[in-house]
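**Q** Just one file: model.tsv, with TSV, N, CA and C atoms.
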```
chain	number	residue	atom	x	y	z
A	1500	MET	N	-4.50	2.24	33.76
A	1500	MET	CA	-5.64	1.51	33.23
A	1500	MET	C	-5.14	0.42	32.29
A	1501	LEU	N	-5.56	-0.77	32.47
A	1501	LEU	CA	-5.17	-1.91	31.66
A	1501	LEU	C	-6.14	-2.05	30.50
A	1502	THR	N	-5.59	-2.13	29.29
A	1502	THR	CA	-6.44	-2.31	28.12
A	1502	THR	C	-6.17	-3.68	27.51
A	1503	THR	N	-7.15	-4.19	26.82
A	1503	THR	CA	-7.00	-5.50	26.17
A	1503	THR	C	-6.94	-5.35	24.66
A	1504	THR	N	-6.61	-4.18	24.19
A	1504	THR	CA	-6.52	-3.96	22.75
A	1504	THR	C	-5.39	-4.79	22.18
A	1505	LYS	N	-5.71	-5.55	21.15
A	1505	LYS	CA	-4.74	-6.42	20.49
A	1505	LYS	C	-3.84	-5.59	19.57
A	1506	ALA	N	-2.55	-5.83	19.64
A	1506	ALA	CA	-1.61	-5.14	18.76
A	1506	ALA	C	-1.84	-5.62	17.33
A	1507	PRO	N	-1.74	-4.71	16.34
A	1507	PRO	CA	-1.95	-5.13	14.95
A	1507	PRO	C	-0.85	-6.10	14.50
A	1508	THR	N	-1.22	-6.96	13.57
A	1508	THR	CA	-0.28	-7.93	13.01
A	1508	THR	C	-0.19	-7.75	11.50
A	1509	VAL	N	0.72	-8.45	10.88
A	1509	VAL	CA	0.88	-8.41	9.43
A	1509	VAL	C	-0.42	-8.81	8.74
A	1510	GLN	N	-1.15	-9.76	9.31
A	1510	GLN	CA	-2.40	-10.23	8.70
A	1510	GLN	C	-3.48	-9.13	8.70
A	1511	ASP	N	-3.33	-8.12	9.54
A	1511	ASP	CA	-4.29	-7.01	9.57
A	1511	ASP	C	-4.09	-6.05	8.39
A	1512	PHE	N	-3.01	-6.24	7.62
A	1512	PHE	CA	-2.69	-5.34	6.51
A	1512	PHE	C	-2.45	-6.14	5.23
A	1513	PRO	N	-3.53	-6.61	4.60
A	1513	PRO	CA	-3.36	-7.36	3.35
A	1513	PRO	C	-2.87	-6.44	2.22
A	1514	THR	N	-2.37	-7.07	1.19
A	1514	THR	CA	-1.91	-6.34	0.01
A	1514	THR	C	-2.98	-5.38	-0.48
A	1515	ALA	N	-2.56	-4.19	-0.88
A	1515	ALA	CA	-3.40	-3.12	-1.44
A	1515	ALA	C	-4.15	-2.32	-0.39
A	1516	THR	N	-3.89	-2.56	0.90
A	1516	THR	CA	-4.50	-1.75	1.94
A	1516	THR	C	-3.86	-0.37	1.93
A	1517	LEU	N	-4.67	0.67	1.93
A	1517	LEU	CA	-4.14	2.03	2.00
A	1517	LEU	C	-3.91	2.39	3.46
A	1518	VAL	N	-2.73	2.94	3.74
A	1518	VAL	CA	-2.34	3.27	5.11
A	1518	VAL	C	-1.67	4.64	5.15
A	1519	THR	N	-1.46	5.12	6.36
A	1519	THR	CA	-0.64	6.29	6.60
A	1519	THR	C	0.48	5.85	7.52
A	1520	ALA	N	1.69	6.26	7.21
A	1520	ALA	CA	2.85	5.92	8.03
A	1520	ALA	C	3.97	6.90	7.74
A	1521	ALA	N	4.94	6.93	8.62
A	1521	ALA	CA	6.08	7.84	8.46
A	1521	ALA	C	7.27	7.07	7.88
A	1522	PRO	N	7.68	7.39	6.66
A	1522	PRO	CA	8.84	6.71	6.08
A	1522	PRO	C	10.14	7.21	6.70
A	1523	TRP	N	11.20	6.47	6.45
A	1523	TRP	CA	12.54	6.85	6.90
A	1523	TRP	C	13.39	7.22	5.69
A	1524	PHE	N	14.22	8.25	5.84
A	1524	PHE	CA	15.12	8.65	4.78
A	1524	PHE	C	16.46	9.02	5.41
A	1525	ARG	N	17.49	8.24	5.08
A	1525	ARG	CA	18.85	8.46	5.61
A	1525	ARG	C	18.87	8.59	7.13
A	1526	GLY	N	18.15	7.68	7.77
A	1526	GLY	CA	18.17	7.62	9.22
A	1526	GLY	C	17.25	8.59	9.93
A	1527	HIS	N	16.45	9.34	9.19
A	1527	HIS	CA	15.53	10.31	9.79
A	1527	HIS	C	14.10	9.95	9.42
A	1528	GLU	N	13.23	9.99	10.42
A	1528	GLU	CA	11.82	9.72	10.15
A	1528	GLU	C	11.17	10.97	9.58
A	1529	LEU	N	10.47	10.80	8.48
A	1529	LEU	CA	9.77	11.90	7.82
A	1529	LEU	C	8.34	11.98	8.33
A	1530	ASP	N	7.63	13.02	7.95
A	1530	ASP	CA	6.23	13.18	8.33
A	1530	ASP	C	5.40	12.04	7.74
A	1531	PRO	N	4.35	11.63	8.45
A	1531	PRO	CA	3.49	10.57	7.91
A	1531	PRO	C	2.89	10.97	6.56
A	1532	ARG	N	2.72	9.97	5.72
A	1532	ARG	CA	2.15	10.18	4.39
A	1532	ARG	C	1.44	8.91	3.94
A	1533	PRO	N	0.62	9.02	2.91
A	1533	PRO	CA	-0.10	7.82	2.46
A	1533	PRO	C	0.84	6.81	1.81
A	1534	ALA	N	0.46	5.57	1.96
A	1534	ALA	CA	1.21	4.46	1.36
A	1534	ALA	C	0.22	3.35	1.04
A	1535	VAL	N	0.68	2.39	0.28
A	1535	VAL	CA	-0.14	1.22	-0.03
A	1535	VAL	C	0.68	-0.01	0.35
A	1536	VAL	N	0.02	-0.99	0.96
A	1536	VAL	CA	0.69	-2.20	1.39
A	1536	VAL	C	1.02	-3.06	0.17
A	1537	VAL	N	2.29	-3.44	0.07
A	1537	VAL	CA	2.75	-4.32	-1.00
A	1537	VAL	C	2.54	-5.77	-0.59
A	1538	GLY	N	2.78	-6.06	0.69
A	1538	GLY	CA	2.60	-7.42	1.20
A	1538	GLY	C	3.49	-7.67	2.40
A	1539	PRO	N	3.53	-8.90	2.88
A	1539	PRO	CA	4.38	-9.22	4.02
A	1539	PRO	C	5.85	-9.17	3.62
A	1540	PHE	N	6.69	-8.76	4.55
A	1540	PHE	CA	8.13	-8.69	4.29
A	1540	PHE	C	8.64	-10.09	3.97
A	1541	GLY	N	9.28	-10.23	2.82
A	1541	GLY	CA	9.79	-11.52	2.37
A	1541	GLY	C	8.93	-12.15	1.30
A	1542	GLY	N	7.75	-11.59	1.07
A	1542	GLY	CA	6.87	-12.10	0.03
A	1542	GLY	C	5.72	-12.88	0.61
A	1543	PRO	N	4.74	-13.22	-0.23
A	1543	PRO	CA	3.51	-13.89	0.21
A	1543	PRO	C	3.77	-15.21	0.92
A	1544	GLU	N	4.83	-15.91	0.55
A	1544	GLU	CA	5.09	-17.21	1.17
A	1544	GLU	C	5.48	-17.09	2.64
A	1545	PHE	N	5.77	-15.86	3.11
A	1545	PHE	CA	6.13	-15.64	4.50
A	1545	PHE	C	5.02	-14.95	5.29
A	1546	ALA	N	3.82	-14.91	4.75
A	1546	ALA	CA	2.71	-14.19	5.38
A	1546	ALA	C	2.44	-14.65	6.81
A	1547	ASP	N	2.58	-15.95	7.07
A	1547	ASP	CA	2.31	-16.47	8.41
A	1547	ASP	C	3.43	-16.19	9.40
A	1548	GLN	N	4.64	-15.93	8.90
A	1548	GLN	CA	5.79	-15.74	9.77
A	1548	GLN	C	6.27	-14.30	9.86
A	1549	ALA	N	5.90	-13.48	8.91
A	1549	ALA	CA	6.44	-12.13	8.82
A	1549	ALA	C	6.02	-11.27	10.01
A	1550	SER	N	6.95	-10.42	10.43
A	1550	SER	CA	6.64	-9.48	11.51
A	1550	SER	C	6.59	-8.04	10.99
A	1551	MET	N	6.88	-7.88	9.70
A	1551	MET	CA	6.86	-6.56	9.08
A	1551	MET	C	6.07	-6.61	7.78
A	1552	VAL	N	5.62	-5.43	7.36
A	1552	VAL	CA	4.84	-5.27	6.13
A	1552	VAL	C	5.63	-4.35	5.21
A	1553	VAL	N	5.69	-4.69	3.93
A	1553	VAL	CA	6.33	-3.82	2.94
A	1553	VAL	C	5.28	-2.84	2.44
A	1554	VAL	N	5.62	-1.55	2.47
A	1554	VAL	CA	4.72	-0.53	1.97
A	1554	VAL	C	5.42	0.31	0.91
A	1555	TRP	N	4.62	0.85	0.01
A	1555	TRP	CA	5.12	1.75	-1.03
A	1555	TRP	C	4.52	3.13	-0.78
A	1556	TYR	N	5.39	4.10	-0.53
A	1556	TYR	CA	4.98	5.49	-0.38
A	1556	TYR	C	4.86	6.08	-1.78
A	1557	PHE	N	3.69	5.90	-2.39
A	1557	PHE	CA	3.51	6.26	-3.79
A	1557	PHE	C	3.64	7.75	-4.06
A	1558	THR	N	3.51	8.59	-3.04
A	1558	THR	CA	3.67	10.04	-3.26
A	1558	THR	C	5.14	10.43	-3.37
A	1559	ILE	N	6.05	9.53	-3.01
A	1559	ILE	CA	7.48	9.81	-3.11
A	1559	ILE	C	8.00	9.52	-4.52
A	1560	GLY	N	7.36	8.60	-5.22
A	1560	GLY	CA	7.79	8.26	-6.58
A	1560	GLY	C	7.59	6.79	-6.88
A	1561	ALA	N	8.12	6.37	-8.02
A	1561	ALA	CA	8.00	4.97	-8.44
A	1561	ALA	C	8.62	4.07	-7.37
A	1562	PRO	N	8.16	2.82	-7.30
A	1562	PRO	CA	8.68	1.90	-6.29
A	1562	PRO	C	10.20	1.72	-6.40
A	1563	THR	N	10.90	2.06	-5.34
A	1563	THR	CA	12.34	1.89	-5.25
A	1563	THR	C	12.67	1.45	-3.84
A	1564	ALA	N	13.23	0.26	-3.70
A	1564	ALA	CA	13.55	-0.28	-2.37
A	1564	ALA	C	14.44	0.69	-1.60
A	1565	GLY	N	14.06	0.95	-0.35
A	1565	GLY	CA	14.83	1.83	0.52
A	1565	GLY	C	14.41	3.28	0.46
A	1566	ASP	N	13.89	3.72	-0.66
A	1566	ASP	CA	13.41	5.10	-0.78
A	1566	ASP	C	11.91	5.15	-0.62
A	1567	SER	N	11.20	4.70	-1.65
A	1567	SER	CA	9.74	4.75	-1.59
A	1567	SER	C	9.12	3.42	-1.16
A	1568	VAL	N	9.91	2.37	-1.09
A	1568	VAL	CA	9.44	1.06	-0.62
A	1568	VAL	C	10.23	0.70	0.63
A	1569	GLN	N	9.50	0.52	1.73
A	1569	GLN	CA	10.15	0.23	3.00
A	1569	GLN	C	9.36	-0.80	3.79
A	1570	ALA	N	10.06	-1.52	4.64
A	1570	ALA	CA	9.41	-2.47	5.55
A	1570	ALA	C	9.06	-1.72	6.83
A	1571	MET	N	7.83	-1.92	7.29
A	1571	MET	CA	7.34	-1.23	8.48
A	1571	MET	C	6.70	-2.25	9.43
A	1572	HIS	N	6.77	-1.97	10.72
A	1572	HIS	CA	6.07	-2.79	11.71
A	1572	HIS	C	4.58	-2.44	11.65
A	1573	PRO	N	3.71	-3.40	11.84
A	1573	PRO	CA	2.27	-3.12	11.79
A	1573	PRO	C	1.81	-2.00	12.73
A	1574	HIS	N	2.44	-1.88	13.90
A	1574	HIS	CA	2.01	-0.82	14.82
A	1574	HIS	C	2.37	0.58	14.33
A	1575	GLU	N	3.20	0.66	13.28
A	1575	GLU	CA	3.57	1.96	12.70
A	1575	GLU	C	2.59	2.41	11.62
A	1576	LEU	N	1.63	1.56	11.28
A	1576	LEU	CA	0.69	1.83	10.19
A	1576	LEU	C	-0.69	2.17	10.73
A	1577	THR	N	-1.32	3.13	10.06
A	1577	THR	CA	-2.71	3.48	10.36
A	1577	THR	C	-3.52	3.23	9.10
A	1578	PRO	N	-4.46	2.27	9.14
A	1578	PRO	CA	-5.24	1.99	7.93
A	1578	PRO	C	-6.16	3.16	7.59
A	1579	LEU	N	-6.38	3.37	6.30
A	1579	LEU	CA	-7.30	4.39	5.82
A	1579	LEU	C	-8.62	3.72	5.43
A	1580	ASP	N	-9.68	4.48	5.42
A	1580	ASP	CA	-10.99	3.94	5.07
A	1580	ASP	C	-11.18	3.81	3.56
A	1581	ASP	N	-10.26	4.32	2.79
A	1581	ASP	CA	-10.34	4.29	1.33
A	1581	ASP	C	-9.76	2.99	0.78
A	1582	THR	N	-10.10	2.69	-0.48
A	1582	THR	CA	-9.53	1.55	-1.20
A	1582	THR	C	-8.99	2.03	-2.54
A	1583	LEU	N	-8.31	1.16	-3.24
A	1583	LEU	CA	-7.82	1.53	-4.57
A	1583	LEU	C	-8.97	1.90	-5.50
A	1584	THR	N	-10.12	1.30	-5.30
A	1584	THR	CA	-11.27	1.57	-6.16
A	1584	THR	C	-11.95	2.90	-5.81
A	1585	THR	N	-11.94	3.27	-4.53
A	1585	THR	CA	-12.67	4.46	-4.11
A	1585	THR	C	-11.79	5.69	-3.88
A	1586	MET	N	-10.49	5.52	-3.89
A	1586	MET	CA	-9.61	6.66	-3.60
A	1586	MET	C	-9.67	7.71	-4.70
A	1587	ASP	N	-9.10	8.86	-4.43
A	1587	ASP	CA	-9.06	9.97	-5.38
A	1587	ASP	C	-8.54	9.49	-6.74
A	1588	GLN	N	-9.22	9.89	-7.80
A	1588	GLN	CA	-8.89	9.46	-9.16
A	1588	GLN	C	-7.46	9.83	-9.55
A	1589	ALA	N	-7.03	11.05	-9.27
A	1589	ALA	CA	-5.69	11.49	-9.66
A	1589	ALA	C	-4.62	10.69	-8.92
A	1590	ALA	N	-4.82	10.45	-7.63
A	1590	ALA	CA	-3.85	9.66	-6.86
A	1590	ALA	C	-3.80	8.22	-7.39
A	1591	PHE	N	-4.97	7.67	-7.71
A	1591	PHE	CA	-4.99	6.31	-8.26
A	1591	PHE	C	-4.25	6.26	-9.60
A	1592	CYS	N	-4.47	7.24	-10.44
A	1592	CYS	CA	-3.78	7.28	-11.74
A	1592	CYS	C	-2.27	7.35	-11.56
A	1593	ASP	N	-1.82	8.10	-10.55
A	1593	ASP	CA	-0.38	8.16	-10.25
A	1593	ASP	C	0.15	6.79	-9.85
A	1594	ILE	N	-0.62	6.07	-9.03
A	1594	ILE	CA	-0.20	4.72	-8.63
A	1594	ILE	C	-0.12	3.81	-9.85
A	1595	ALA	N	-1.18	3.80	-10.66
A	1595	ALA	CA	-1.23	2.92	-11.83
A	1595	ALA	C	-0.11	3.24	-12.82
A	1596	ALA	N	0.23	4.52	-12.97
A	1596	ALA	CA	1.27	4.91	-13.92
A	1596	ALA	C	2.67	4.65	-13.37
A	1597	SER	N	2.88	4.82	-12.07
A	1597	SER	CA	4.21	4.67	-11.47
A	1597	SER	C	4.57	3.22	-11.18
A	1598	LEU	N	3.58	2.40	-10.93
A	1598	LEU	CA	3.83	1.01	-10.54
A	1598	LEU	C	4.74	0.26	-11.51
A	1599	PRO	N	4.49	0.29	-12.83
A	1599	PRO	CA	5.37	-0.45	-13.74
A	1599	PRO	C	6.75	0.17	-13.92
A	1600	LEU	N	6.95	1.39	-13.45
A	1600	LEU	CA	8.25	2.06	-13.61
A	1600	LEU	C	9.25	1.70	-12.53
A	1601	GLY	N	8.77	1.11	-11.45
A	1601	GLY	CA	9.64	0.81	-10.32
A	1601	GLY	C	10.02	-0.64	-10.26
A	1602	ARG	N	10.72	-0.95	-9.16
A	1602	ARG	CA	11.15	-2.34	-8.95
A	1602	ARG	C	10.94	-2.71	-7.50
A	1603	PHE	N	10.41	-3.91	-7.31
A	1603	PHE	CA	10.26	-4.48	-5.98
A	1603	PHE	C	11.23	-5.65	-5.87
A	1604	PRO	N	11.88	-5.81	-4.74
A	1604	PRO	CA	12.76	-6.98	-4.60
A	1604	PRO	C	11.94	-8.26	-4.55
A	1605	TYR	N	12.49	-9.31	-5.11
A	1605	TYR	CA	11.90	-10.66	-5.04
A	1605	TYR	C	10.47	-10.72	-5.56
A	1606	ASN	N	10.14	-9.92	-6.53
A	1606	ASN	CA	8.80	-9.90	-7.13
A	1606	ASN	C	7.69	-9.65	-6.09
A	1607	GLU	N	8.01	-8.93	-5.04
A	1607	GLU	CA	7.02	-8.64	-4.01
A	1607	GLU	C	5.86	-7.81	-4.54
A	1608	GLY	N	6.02	-7.14	-5.66
A	1608	GLY	CA	4.97	-6.28	-6.18
A	1608	GLY	C	3.94	-6.97	-7.06
A	1609	ASP	N	4.08	-8.27	-7.29
A	1609	ASP	CA	3.16	-8.98	-8.18
A	1609	ASP	C	1.71	-8.92	-7.69
A	1610	ASP	N	1.50	-9.16	-6.40
A	1610	ASP	CA	0.13	-9.13	-5.87
A	1610	ASP	C	-0.44	-7.71	-5.90
A	1611	LEU	N	0.40	-6.71	-5.65
A	1611	LEU	CA	-0.07	-5.33	-5.71
A	1611	LEU	C	-0.44	-4.97	-7.15
A	1612	THR	N	0.36	-5.39	-8.10
A	1612	THR	CA	0.06	-5.12	-9.51
A	1612	THR	C	-1.29	-5.74	-9.88
A	1613	ALA	N	-1.54	-6.95	-9.43
A	1613	ALA	CA	-2.82	-7.62	-9.71
A	1613	ALA	C	-3.98	-6.83	-9.06
A	1614	ALA	N	-3.76	-6.33	-7.85
A	1614	ALA	CA	-4.81	-5.56	-7.16
A	1614	ALA	C	-5.09	-4.24	-7.88
A	1615	VAL	N	-4.06	-3.59	-8.37
A	1615	VAL	CA	-4.24	-2.33	-9.12
A	1615	VAL	C	-4.99	-2.62	-10.41
A	1616	ASN	N	-4.65	-3.69	-11.08
A	1616	ASN	CA	-5.36	-4.06	-12.32
A	1616	ASN	C	-6.84	-4.35	-12.05
A	1617	ARG	N	-7.13	-5.02	-10.93
A	1617	ARG	CA	-8.54	-5.27	-10.56
A	1617	ARG	C	-9.26	-3.95	-10.29
A	1618	ALA	N	-8.57	-3.03	-9.61
A	1618	ALA	CA	-9.18	-1.72	-9.30
A	1618	ALA	C	-9.45	-0.93	-10.58
A	1619	VAL	N	-8.58	-1.03	-11.56
A	1619	VAL	CA	-8.80	-0.36	-12.85
A	1619	VAL	C	-10.10	-0.89	-13.46
A	1620	ARG	N	-10.27	-2.22	-13.47
A	1620	ARG	CA	-11.49	-2.81	-14.04
A	1620	ARG	C	-12.73	-2.38	-13.25
A	1621	GLU	N	-12.63	-2.36	-11.92
A	1621	GLU	CA	-13.77	-1.95	-11.09
A	1621	GLU	C	-14.13	-0.49	-11.34
A	1622	ARG	N	-13.13	0.37	-11.51
A	1622	ARG	CA	-13.39	1.78	-11.79
A	1622	ARG	C	-14.08	1.94	-13.13
A	1623	ILE	N	-13.66	1.18	-14.11
A	1623	ILE	CA	-14.28	1.24	-15.44
A	1623	ILE	C	-15.72	0.77	-15.35
A	1624	GLU	N	-15.95	-0.32	-14.63
A	1624	GLU	CA	-17.31	-0.84	-14.48
A	1624	GLU	C	-18.22	0.17	-13.78
A	1625	GLN	N	-17.69	0.85	-12.77
A	1625	GLN	CA	-18.49	1.85	-12.04
A	1625	GLN	C	-18.90	3.00	-12.94
A	1626	THR	N	-18.01	3.44	-13.80
A	1626	THR	CA	-18.34	4.57	-14.68
A	1626	THR	C	-19.23	4.13	-15.85
A	1627	ALA	N	-19.29	2.84	-16.11
A	1627	ALA	CA	-20.09	2.32	-17.22
A	1627	ALA	C	-21.55	2.11	-16.84
A	1628	THR	N	-21.87	2.10	-15.54
A	1628	THR	CA	-23.25	1.88	-15.12
A	1628	THR	C	-24.07	3.13	-15.37
A	1629	PRO	N	-25.33	2.99	-15.77
A	1629	PRO	CA	-26.18	4.15	-16.03
A	1629	PRO	C	-26.30	5.09	-14.82
A	1630	ALA	N	-26.41	4.55	-13.62
A	1630	ALA	CA	-26.54	5.38	-12.42
A	1630	ALA	C	-25.32	6.25	-12.22
A	1631	ALA	N	-24.13	5.71	-12.48
A	1631	ALA	CA	-22.89	6.48	-12.31
A	1631	ALA	C	-22.79	7.60	-13.34
A	1632	ARG	N	-23.29	7.37	-14.55
A	1632	ARG	CA	-23.20	8.39	-15.58
A	1632	ARG	C	-24.13	9.57	-15.29
A	1633	HIS	N	-25.26	9.33	-14.62
A	1633	HIS	CA	-26.24	10.39	-14.37
A	1633	HIS	C	-26.04	11.11	-13.06
A	1634	SER	N	-25.12	10.65	-12.22
A	1634	SER	CA	-24.94	11.31	-10.93
A	1634	SER	C	-23.93	12.41	-10.98
```
Would you put the structure from the file into structure tokens?
**A**
Amino acid sequence: MLTTTKAPTVQDFPTATLVTAAPWFRGHELDPRPAVVVGPFGGPEFADQASMVVVWYFTIGAPTAGDSVQAMHPHELTPLDDTLTTMDQAAFCDIAASLPLGRFPYNEGDDLTAAVNRAVRERIEQTATPAARHS
């Protein structure tokens, strides 16, 4: 059966998209786990040319290139329906706390840091509304 499903591209995974993918460790693929998209491989200036996406496996630890930060092909990623604003509070707190402790090559984490900061503000605004306090 011939399908016309379009293969995912780097543009399908903007910065801060929550995904599931299987990281690699010392040449072995590990079980799939949650990650957050850092951006296109090479940085934002390569968004139109990049064929890979940089992801941070935040459950592995602070961002460290090669361990918890890896480049992945778009077809290896499965997007999640959650966002930084709506995801589990404890997991989000881990991301927000671990992000400044790690390092991204070539300042690739700047856009992700900005997205996390926006999500912090959105979470605060949500809890400040009267409807949120009474639910």
**Q** Env of Cys1592 of chain A: 12 Å cut, atoms = only C-alpha atoms, seq-sep filter 2 positions within chain, self excluded. Answer as a list in words.
**A**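 Residues meeting the cut-off are Phe1557, Thr1558, Leu1583, Thr1584, Met1586, Asp1587, Gln1588, Ala1589, Ala1590, Ile1594, Ala1595, Ala1596, Ser1597, Leu1598, Val1615, Asn1616, Ala1618, Val1619 and Arg1622 of chain A.
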**Q** So how many Å separate atom N of Ala1521 of chain A and atom CA of Ala1613 of chain A, to one decimal?
**A**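 Value for the atom N of Ala1521 of chain A-atom CA of Ala1613 of chain A distance: 24.7 Å.
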**Q** Could you give me, as a PyMOL selection string, each residue of segment 1521-1588 of chain A that DSSP assigns to helix (DSSP H, G or I) when run on this structure's backbone?
**A** chain A and resi 1543-1545+1573-1575+1588
**Q** Excluding Ala1570 of chain A and any residue of its chain fewer than 5 positions from it, enumerate the residues within 7 Å of it, using all atoms listed in the file, and give them as a list in words.
**A**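 That gives Phe1540, Met1551, Val1552, Val1553, Val1554 and Gly1565 of chain A.
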**Q** Could you write out, as a VMD selection string, all the residues of chain A that DSSP marks as strand (DSSP E or B)?
**A** chain A and resid 1517 to 1520 1523 to 1524 1527 to 1528 1532 to 1539 1552 to 1555 1564 1568 to 1571 1577 to 1578
**Q** Neighbours of segment 1506-1520 of chain A within 6 Å (only N, CA and C atoms; same-chain residues fewer than 5 positions away dropped), as a list in words?
**A** Asp1530, Pro1531, Arg1532, Pro1533, Ala1534, Val1535, Val1536, Val1537, Gly1538, Ala1549, Ser1550, Met1551, Val1552, Pro1573, His1574, Glu1575, Leu1576, Thr1577, Pro1578, Leu1579, Asp1581, Thr1582 and Leu1611 of chain A
**Q** If you keep N, CA and C atoms, can you produce a file of those selected residues as a PDB file, in the coordinates of the input?
**A**
```pdb
ATOM      1  N   ASP A1530       7.630  13.020   7.950  1.00  0.00           N
ATOM      2  CA  ASP A1530       6.230  13.180   8.330  1.00  0.00           C
ATOM      3  C   ASP A1530       5.400  12.040   7.740  1.00  0.00           C
ATOM      4  N   PRO A1531       4.350  11.630   8.450  1.00  0.00           N
ATOM      5  CA  PRO A1531       3.490  10.570   7.910  1.00  0.00           C
ATOM      6  C   PRO A1531       2.890  10.970   6.560  1.00  0.00           C
ATOM      7  N   ARG A1532       2.720   9.970   5.720  1.00  0.00           N
ATOM      8  CA  ARG A1532       2.150  10.180   4.390  1.00  0.00           C
ATOM      9  C   ARG A1532       1.440   8.910   3.940  1.00  0.00           C
ATOM     10  N   PRO A1533       0.620   9.020   2.910  1.00  0.00           N
ATOM     11  CA  PRO A1533      -0.100   7.820   2.460  1.00  0.00           C
ATOM     12  C   PRO A1533       0.840   6.810   1.810  1.00  0.00           C
ATOM     13  N   ALA A1534       0.460   5.570   1.960  1.00  0.00           N
ATOM     14  CA  ALA A1534       1.210   4.460   1.360  1.00  0.00           C
ATOM     15  C   ALA A1534       0.220   3.350   1.040  1.00  0.00           C
ATOM     16  N   VAL A1535       0.680   2.390   0.280  1.00  0.00           N
ATOM     17  CA  VAL A1535      -0.140   1.220  -0.030  1.00  0.00           C
ATOM     18  C   VAL A1535       0.680  -0.010   0.350  1.00  0.00           C
ATOM     19  N   VAL A1536       0.020  -0.990   0.960  1.00  0.00           N
ATOM     20  CA  VAL A1536       0.690  -2.200   1.390  1.00  0.00           C
ATOM     21  C   VAL A1536       1.020  -3.060   0.170  1.00  0.00           C
ATOM     22  N   VAL A1537       2.290  -3.440   0.070  1.00  0.00           N
ATOM     23  CA  VAL A1537       2.750  -4.320  -1.000  1.00  0.00           C
ATOM     24  C   VAL A1537       2.540  -5.770  -0.590  1.00  0.00           C
ATOM     25  N   GLY A1538       2.780  -6.060   0.690  1.00  0.00           N
ATOM     26  CA  GLY A1538       2.600  -7.420   1.200  1.00  0.00           C
ATOM     27  C   GLY A1538       3.490  -7.670   2.400  1.00  0.00           C
ATOM     28  N   ALA A1549       5.900 -13.480   8.910  1.00  0.00           N
ATOM     29  CA  ALA A1549       6.440 -12.130   8.820  1.00  0.00           C
ATOM     30  C   ALA A1549       6.020 -11.270  10.010  1.00  0.00           C
ATOM     31  N   SER A1550       6.950 -10.420  10.430  1.00  0.00           N
ATOM     32  CA  SER A1550       6.640  -9.480  11.510  1.00  0.00           C
ATOM     33  C   SER A1550       6.590  -8.040  10.990  1.00  0.00           C
ATOM     34  N   MET A1551       6.880  -7.880   9.700  1.00  0.00           N
ATOM     35  CA  MET A1551       6.860  -6.560   9.080  1.00  0.00           C
ATOM     36  C   MET A1551       6.070  -6.610   7.780  1.00  0.00           C
ATOM     37  N   VAL A1552       5.620  -5.430   7.360  1.00  0.00           N
ATOM     38  CA  VAL A1552       4.840  -5.270   6.130  1.00  0.00           C
ATOM     39  C   VAL A1552       5.630  -4.350   5.210  1.00  0.00           C
ATOM     40  N   PRO A1573       3.710  -3.400  11.840  1.00  0.00           N
ATOM     41  CA  PRO A1573       2.270  -3.120  11.790  1.00  0.00           C
ATOM     42  C   PRO A1573       1.810  -2.000  12.730  1.00  0.00           C
ATOM     43  N   HIS A1574       2.440  -1.880  13.900  1.00  0.00           N
ATOM     44  CA  HIS A1574       2.010  -0.820  14.820  1.00  0.00           C
ATOM     45  C   HIS A1574       2.370   0.580  14.330  1.00  0.00           C
ATOM     46  N   GLU A1575       3.200   0.660  13.280  1.00  0.00           N
ATOM     47  CA  GLU A1575       3.570   1.960  12.700  1.00  0.00           C
ATOM     48  C   GLU A1575       2.590   2.410  11.620  1.00  0.00           C
ATOM     49  N   LEU A1576       1.630   1.560  11.280  1.00  0.00           N
ATOM     50  CA  LEU A1576       0.690   1.830  10.190  1.00  0.00           C
ATOM     51  C   LEU A1576      -0.690   2.170  10.730  1.00  0.00           C
ATOM     52  N   THR A1577      -1.320   3.130  10.060  1.00  0.00           N
ATOM     53  CA  THR A1577      -2.710   3.480  10.360  1.00  0.00           C
ATOM     54  C   THR A1577      -3.520   3.230   9.100  1.00  0.00           C
ATOM     55  N   PRO A1578      -4.460   2.270   9.140  1.00  0.00           N
ATOM     56  CA  PRO A1578      -5.240   1.990   7.930  1.00  0.00           C
ATOM     57  C   PRO A1578      -6.160   3.160   7.590  1.00  0.00           C
ATOM     58  N   LEU A1579      -6.380   3.370   6.300  1.00  0.00           N
ATOM     59  CA  LEU A1579      -7.300   4.390   5.820  1.00  0.00           C
ATOM     60  C   LEU A1579      -8.620   3.720   5.430  1.00  0.00           C
ATOM     61  N   ASP A1581     -10.260   4.320   2.790  1.00  0.00           N
ATOM     62  CA  ASP A1581     -10.340   4.290   1.330  1.00  0.00           C
ATOM     63  C   ASP A1581      -9.760   2.990   0.780  1.00  0.00           C
ATOM     64  N   THR A1582     -10.100   2.690  -0.480  1.00  0.00           N
ATOM     65  CA  THR A1582      -9.530   1.550  -1.200  1.00  0.00           C
ATOM     66  C   THR A1582      -8.990   2.030  -2.540  1.00  0.00           C
ATOM     67  N   LEU A1611       0.400  -6.710  -5.650  1.00  0.00           N
ATOM     68  CA  LEU A1611      -0.070  -5.330  -5.710  1.00  0.00           C
ATOM     69  C   LEU A1611      -0.440  -4.970  -7.150  1.00  0.00           C
TER      70      LEU A1611
END
```
**Q** Can you pull out every residue within 9 Å of Ala1564 of chain A, counting only C-alpha atoms, but drop anything in the same chain fewer than 2 positions away, and send it as a PyMOL selection string?
**A** chain A and resi 1555+1562+1566-1569+1601-1604
**Q** So how many Å separate atom CA of Ile1559 of chain A and atom CA of Leu1600 of chain A, to one decimal?
**A**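 Calculated distance between atom CA of Ile1559 of chain A and atom CA of Leu1600 of chain A is 13.1 Å.
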**Q** How far is it from atom C of Thr1563 of chain A to atom CA of Glu1544 of chain A, in Å with one decimal?
**A** 20.8 Å
**Q** Skip Gly1542 of chain A itself and residues of its chain fewer than 3 positions away, then list as number ranges by chain all residues within 8 Å of it, counting only C-alpha atoms.
**A** A: 1538-1539, 1545-1546, 1605-1607
